[in-house]
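Q: Quick one: the structure is below, and I'll ask about it shortly.
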Amino acid sequence: MTYNVRFDIIAAMETLSSFDMILTDRLVLRLFNAADANDVFEFAGDKTDANRFVAWPAHEECADSVRCIRDIYIPNRVFAIEYSGKCIGAIELKSTEEDGVYSIGYILNKKFWNLGFTTEALTALLDVAFRRLKAKSVVAAHAVENKASGRVMEKCGLKVERIALKELELRCGLSDIRHMYIDAEAYFKNQN
Ligand SMILES: CC(C)(COP(=O)(O)OP(=O)(O)OC[C@H]1O[C@@H](n2cnc3c(N)ncnc32)[C@H](O)[C@@H]1OP(=O)(O)O)[C@@H](O)C(=O)NCCC(=O)NCCS
């Protein structure tokens with residue numbers, strides 16, 4: 001399936017900070033605001049196994065989600081994944097210390113898993129990264145055990161760079177991490 005990203009309402013400047021809103025077939029990727037707190041608490045306050053592969057602690061109360069939006073999501077320009085007026089997740093495209101290299105991270109409310117939403121959001125952000133920001137490469141990483149996350153990356157064309165054994169302490173314990181990447185050449189080749 002292909003997803004068309006429409007840039008008609010995106011500012012023309014070629015910097016990451018200029019992308020305030022991205023429309024895909026089903027989603028709006030936009031900056032967070034305080035009104036998203038209840039929706040953020042739904043996925044960030046989820047203490048079940050659903051979030052066993054993340055490194056940060058679950059939000060205990062909605063006030064934690066308010067602080068997360070204010071102190072992390074807004075300053076870092078993390079995108080809210082909005083579907084049908086509801087914020088169902090978060091996705092981030094951020095620059096790294098290496099020039100032209102961006103990294104990706106994401107989380108989705110488990111009620112909306114396996115509907116292709118994260119793949120659709122990542123597809124859109126790769127488009128932004130390579131076409132608008134002229135990225136050299138985009139990197140991402142997931143716990144080897146987190147098959148769904150790895151599958152999202154694979155569906156978007158990312159390849160394995162390396163696997164680091166027992167690299168990160170996640171909620172589920174010390175985990176092997178698969179590092180993934182896609183460079184501009186491979187990205188544009190895949191588009192043809
Ligand atoms: C990882 C996550 C974002 C995926 O979101 P999603 O919107 O469900 O992803 P998509 O629907 O786009 O794609 C999921 C793919 O994984 C596959 N999948 C799901 N569970 C799987 C499993 N246990 N084993 C193998 N594949 C699995 C799905 O079948 C689908 O692939 P397909 O389209 O080839 O059938 C979501 O599971 C999540 O938020 N997890 C908790 C937070 C997290 O782990 N974040 C990532 C940290 S690296």
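Simple scheme: letters A, B, ... for chains in structure tokens order, numbers from 1 for residues in each chain, numbers from 1 for ligands in the order shown.
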Give me, as a list in words, the set of residues whose atoms come within 7 Å of any atom of ligand 1, counting only C-alpha atoms and all ligand atoms.

A: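 With only C-alpha atoms and all ligand atoms and a cut-off of 7 Å, ligand 1 is contacted by Ala50, Asn51, Phe53, Val54, Gly105, Tyr106, Ile107, Leu108, Asn109, Lys110, Phe112, Trp113, Asn114, Leu115, Gly116, Phe117, Thr118, Thr119, Glu120, Ala141, His142, Ala143, Asn146, Lys147, Ala148, Ser149, Arg151 and Val152 of chain A.
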
Q: Taking the backbone alone, and naming residues the way the document does, which bits of chain A are strand (DSSP E) by DSSP, as a ChimeraX atom specification?

A: /A:21-23,27-31,79-83,86-95,101-108,137-143,159-170,173-183

Q: Name all residues at most 8 Å from range 71-86 of chain A (count only C-alpha atoms; drop same-chain ones fewer than 6 positions away) and give them as a list in words.

A: Ser17, Arg26, Leu27, Val28, Leu29, Arg30, Leu31, Phe32, Asn33, Asp39, Glu92, Leu93, Lys94 and Ala121 of chain A

Q: Save the residues we just selected, C-alpha atoms, as a compact mmCIF listing (two decimals), in the first residue's frame?

A:
# COMPACT_ATOMS: atom_id res chain seq x y z
CA SER A 17 11.01 23.03 12.73
CA ARG A 26 -5.80 8.49 7.39
CA LEU A 27 -3.74 10.50 9.84
CA VAL A 28 -2.80 13.99 10.86
CA LEU A 29 0.72 14.26 12.27
CA ARG A 30 0.82 17.50 14.21
CA LEU A 31 2.44 19.11 17.21
CA PHE A 32 1.08 18.26 20.66
CA ASN A 33 -0.96 20.57 22.85
CA ASP A 39 -5.18 10.63 25.13
CA GLU A 92 9.48 11.63 16.53
CA LEU A 93 11.94 12.49 13.79
CA LYS A 94 14.95 14.08 15.38
CA ALA A 121 3.16 7.68 10.02

Q: Leaving out range 182-190 of chain A and any residue of its chain fewer than 5 positions from it, which residues lie within 7 Å of it when counting only C-alpha atoms, given as a list in words?

A: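 Skipping anything fewer than 5 positions along the chain leaves Phe130, Ala135, Lys136, Ser137, Val138, Val139, Gly157, Leu158 and Lys159 of chain A.
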
Q: Please identify which residues in chain A DSSP calls alpha helix (DSSP H) from the backbone, and express them as a ChimeraX atom specification.

A: /A:37-44,62-68,117-127,147-155,184-191

Q: Any chance you can output those residues with N, CA and C atoms as a tab-separated table (two decimals), in the first residue's frame?

A:
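File produced: selection-v9.tsv:
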chain	number	residue	atom	x	y	z
A	37	ALA	N	-3.70	15.61	26.72
A	37	ALA	CA	-3.22	14.91	27.93
A	37	ALA	C	-3.96	13.60	28.20
A	38	ASN	N	-5.28	13.60	28.10
A	38	ASN	CA	-6.02	12.36	28.40
A	38	ASN	C	-5.66	11.26	27.41
A	39	ASP	N	-5.53	11.63	26.15
A	39	ASP	CA	-5.18	10.63	25.13
A	39	ASP	C	-3.76	10.11	25.34
A	40	VAL	N	-2.84	11.01	25.70
A	40	VAL	CA	-1.46	10.58	25.97
A	40	VAL	C	-1.45	9.63	27.16
A	41	PHE	N	-2.24	9.96	28.18
A	41	PHE	CA	-2.26	9.10	29.38
A	41	PHE	C	-2.75	7.69	29.02
A	42	GLU	N	-3.63	7.59	28.03
A	42	GLU	CA	-4.13	6.27	27.61
A	42	GLU	C	-3.00	5.36	27.16
A	43	PHE	N	-2.04	5.91	26.39
A	43	PHE	CA	-0.96	5.01	25.95
A	43	PHE	C	0.28	5.09	26.85
A	44	ALA	N	0.58	6.29	27.38
A	44	ALA	CA	1.79	6.42	28.20
A	44	ALA	C	1.55	5.93	29.63
A	62	CYS	N	-2.66	11.56	35.06
A	62	CYS	CA	-2.76	12.42	33.88
A	62	CYS	C	-1.80	13.62	33.97
A	63	ALA	N	-1.51	14.05	35.20
A	63	ALA	CA	-0.59	15.19	35.36
A	63	ALA	C	0.79	14.85	34.79
A	64	ASP	N	1.19	13.57	34.85
A	64	ASP	CA	2.47	13.16	34.26
A	64	ASP	C	2.43	13.37	32.74
A	65	SER	N	1.27	13.08	32.16
A	65	SER	CA	1.13	13.26	30.71
A	65	SER	C	1.15	14.74	30.34
A	66	VAL	N	0.54	15.56	31.20
A	66	VAL	CA	0.59	17.02	30.97
A	66	VAL	C	2.05	17.47	30.95
A	67	ARG	N	2.82	17.02	31.95
A	67	ARG	CA	4.23	17.41	32.03
A	67	ARG	C	5.03	16.88	30.84
A	68	CYS	N	4.73	15.66	30.44
A	68	CYS	CA	5.43	15.05	29.30
A	68	CYS	C	5.19	15.88	28.03
A	117	PHE	N	-1.15	1.92	11.16
A	117	PHE	CA	-1.03	3.36	11.44
A	117	PHE	C	0.43	3.80	11.62
A	118	THR	N	1.21	3.02	12.36
A	118	THR	CA	2.59	3.46	12.57
A	118	THR	C	3.38	3.38	11.27
A	119	THR	N	3.11	2.38	10.47
A	119	THR	CA	3.76	2.29	9.17
A	119	THR	C	3.40	3.52	8.32
A	120	GLU	N	2.16	3.92	8.39
A	120	GLU	CA	1.71	5.09	7.62
A	120	GLU	C	2.40	6.36	8.12
A	121	ALA	N	2.51	6.49	9.45
A	121	ALA	CA	3.16	7.68	10.02
A	121	ALA	C	4.65	7.70	9.69
A	122	LEU	N	5.30	6.54	9.81
A	122	LEU	CA	6.73	6.49	9.52
A	122	LEU	C	6.99	6.76	8.04
A	123	THR	N	6.14	6.23	7.19
A	123	THR	CA	6.27	6.48	5.75
A	123	THR	C	6.27	7.99	5.49
A	124	ALA	N	5.36	8.69	6.16
A	124	ALA	CA	5.26	10.14	5.96
A	124	ALA	C	6.51	10.86	6.47
A	125	LEU	N	7.02	10.42	7.62
A	125	LEU	CA	8.20	11.11	8.16
A	125	LEU	C	9.46	10.80	7.36
A	126	LEU	N	9.53	9.62	6.77
A	126	LEU	CA	10.68	9.33	5.89
A	126	LEU	C	10.64	10.23	4.66
A	127	ASP	N	9.42	10.46	4.19
A	127	ASP	CA	9.26	11.36	3.04
A	127	ASP	C	9.76	12.77	3.41
A	147	LYS	N	8.88	-7.58	17.89
A	147	LYS	CA	8.75	-7.94	16.47
A	147	LYS	C	7.91	-6.92	15.71
A	148	ALA	N	6.87	-6.40	16.36
A	148	ALA	CA	5.98	-5.47	15.65
A	148	ALA	C	6.74	-4.21	15.25
A	149	SER	N	7.56	-3.70	16.16
A	149	SER	CA	8.32	-2.50	15.85
A	149	SER	C	9.31	-2.77	14.72
A	150	GLY	N	9.98	-3.91	14.80
A	150	GLY	CA	10.91	-4.26	13.73
A	150	GLY	C	10.21	-4.40	12.39
A	151	ARG	N	9.03	-4.94	12.42
A	151	ARG	CA	8.25	-5.13	11.18
A	151	ARG	C	7.88	-3.77	10.57
A	152	VAL	N	7.51	-2.81	11.42
A	152	VAL	CA	7.19	-1.47	10.91
A	152	VAL	C	8.41	-0.91	10.16
A	153	MET	N	9.56	-1.04	10.78
A	153	MET	CA	10.79	-0.51	10.15
A	153	MET	C	11.08	-1.23	8.84
A	154	GLU	N	10.94	-2.54	8.86
A	154	GLU	CA	11.20	-3.31	7.63
A	154	GLU	C	10.23	-2.90	6.52
A	155	LYS	N	8.95	-2.74	6.88
A	155	LYS	CA	7.96	-2.37	5.86
A	155	LYS	C	8.29	-1.02	5.23
A	184	ALA	N	19.65	7.64	1.83
A	184	ALA	CA	18.88	8.35	0.79
A	184	ALA	C	18.85	7.54	-0.50
A	185	GLU	N	19.97	6.94	-0.86
A	185	GLU	CA	20.02	6.17	-2.11
A	185	GLU	C	19.01	5.02	-2.10
A	186	ALA	N	19.00	4.29	-1.00
A	186	ALA	CA	18.06	3.16	-0.89
A	186	ALA	C	16.62	3.65	-0.85
A	187	TYR	N	16.41	4.77	-0.15
A	187	TYR	CA	15.05	5.30	-0.05
A	187	TYR	C	14.50	5.63	-1.44
A	188	PHE	N	15.27	6.36	-2.24
A	188	PHE	CA	14.74	6.78	-3.55
A	188	PHE	C	14.67	5.60	-4.51
A	189	LYS	N	15.56	4.63	-4.34
A	189	LYS	CA	15.50	3.42	-5.17
A	189	LYS	C	14.19	2.66	-4.88
A	190	ASN	N	13.83	2.59	-3.59
A	190	ASN	CA	12.60	1.89	-3.21
A	190	ASN	C	11.35	2.57	-3.76
A	191	GLN	N	11.45	3.89	-4.00
A	191	GLN	CA	10.27	4.63	-4.46
A	191	GLN	C	9.95	4.32	-5.92

Q: Might you pull out every residue within 9 Å of Val144 in chain A, with only C-alpha atoms counted and same-chain residues fewer than 4 positions away left off, and present them as a PDB file with C-alpha atoms, in the first residue's frame?

A:
ATOM      1  CA  GLY A 150      10.914  -4.265  13.731  1.00  0.00           C
ATOM      2  CA  ILE A 163      22.474  -6.113  16.731  1.00  0.00           C
ATOM      3  CA  SER A 175      17.510  -6.290  26.026  1.00  0.00           C
ATOM      4  CA  ASP A 176      19.247  -7.050  22.762  1.00  0.00           C
ATOM      5  CA  ILE A 177      18.767  -4.109  20.414  1.00  0.00           C
ATOM      6  CA  ARG A 178      18.518  -4.227  16.620  1.00  0.00           C
TER       7      ARG A 178
END

Q: To one decimal place in Å, what is the distance between CA of Ala140 in chain A and CA of Met180 in chain A?

A: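 A separation of 5.2 Å between them.
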
Q: Please indicate the distance in Å from CA of Ile69 in chain A to CA of Ile22 in chain A, rounded to one decimal place.

A: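 These atoms are spaced 18.9 Å apart.
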
Q: Which value, in Å to one decimal, gives the distance between CA of Glu167 in chain A and CA of Glu60 in chain A?

A: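 Going from CA of Glu167 in chain A over to CA of Glu60 in chain A, I get 26.5 Å.
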
Q: Which residue, A:Ala34, A:Leu133, A:Trp56, A:Arg70, has the smallest gap to Leu168 in chain A when you use only C-alpha atoms?

A: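 Looking at the shortest contact to Leu168 in chain A, the residue is A:Trp56.
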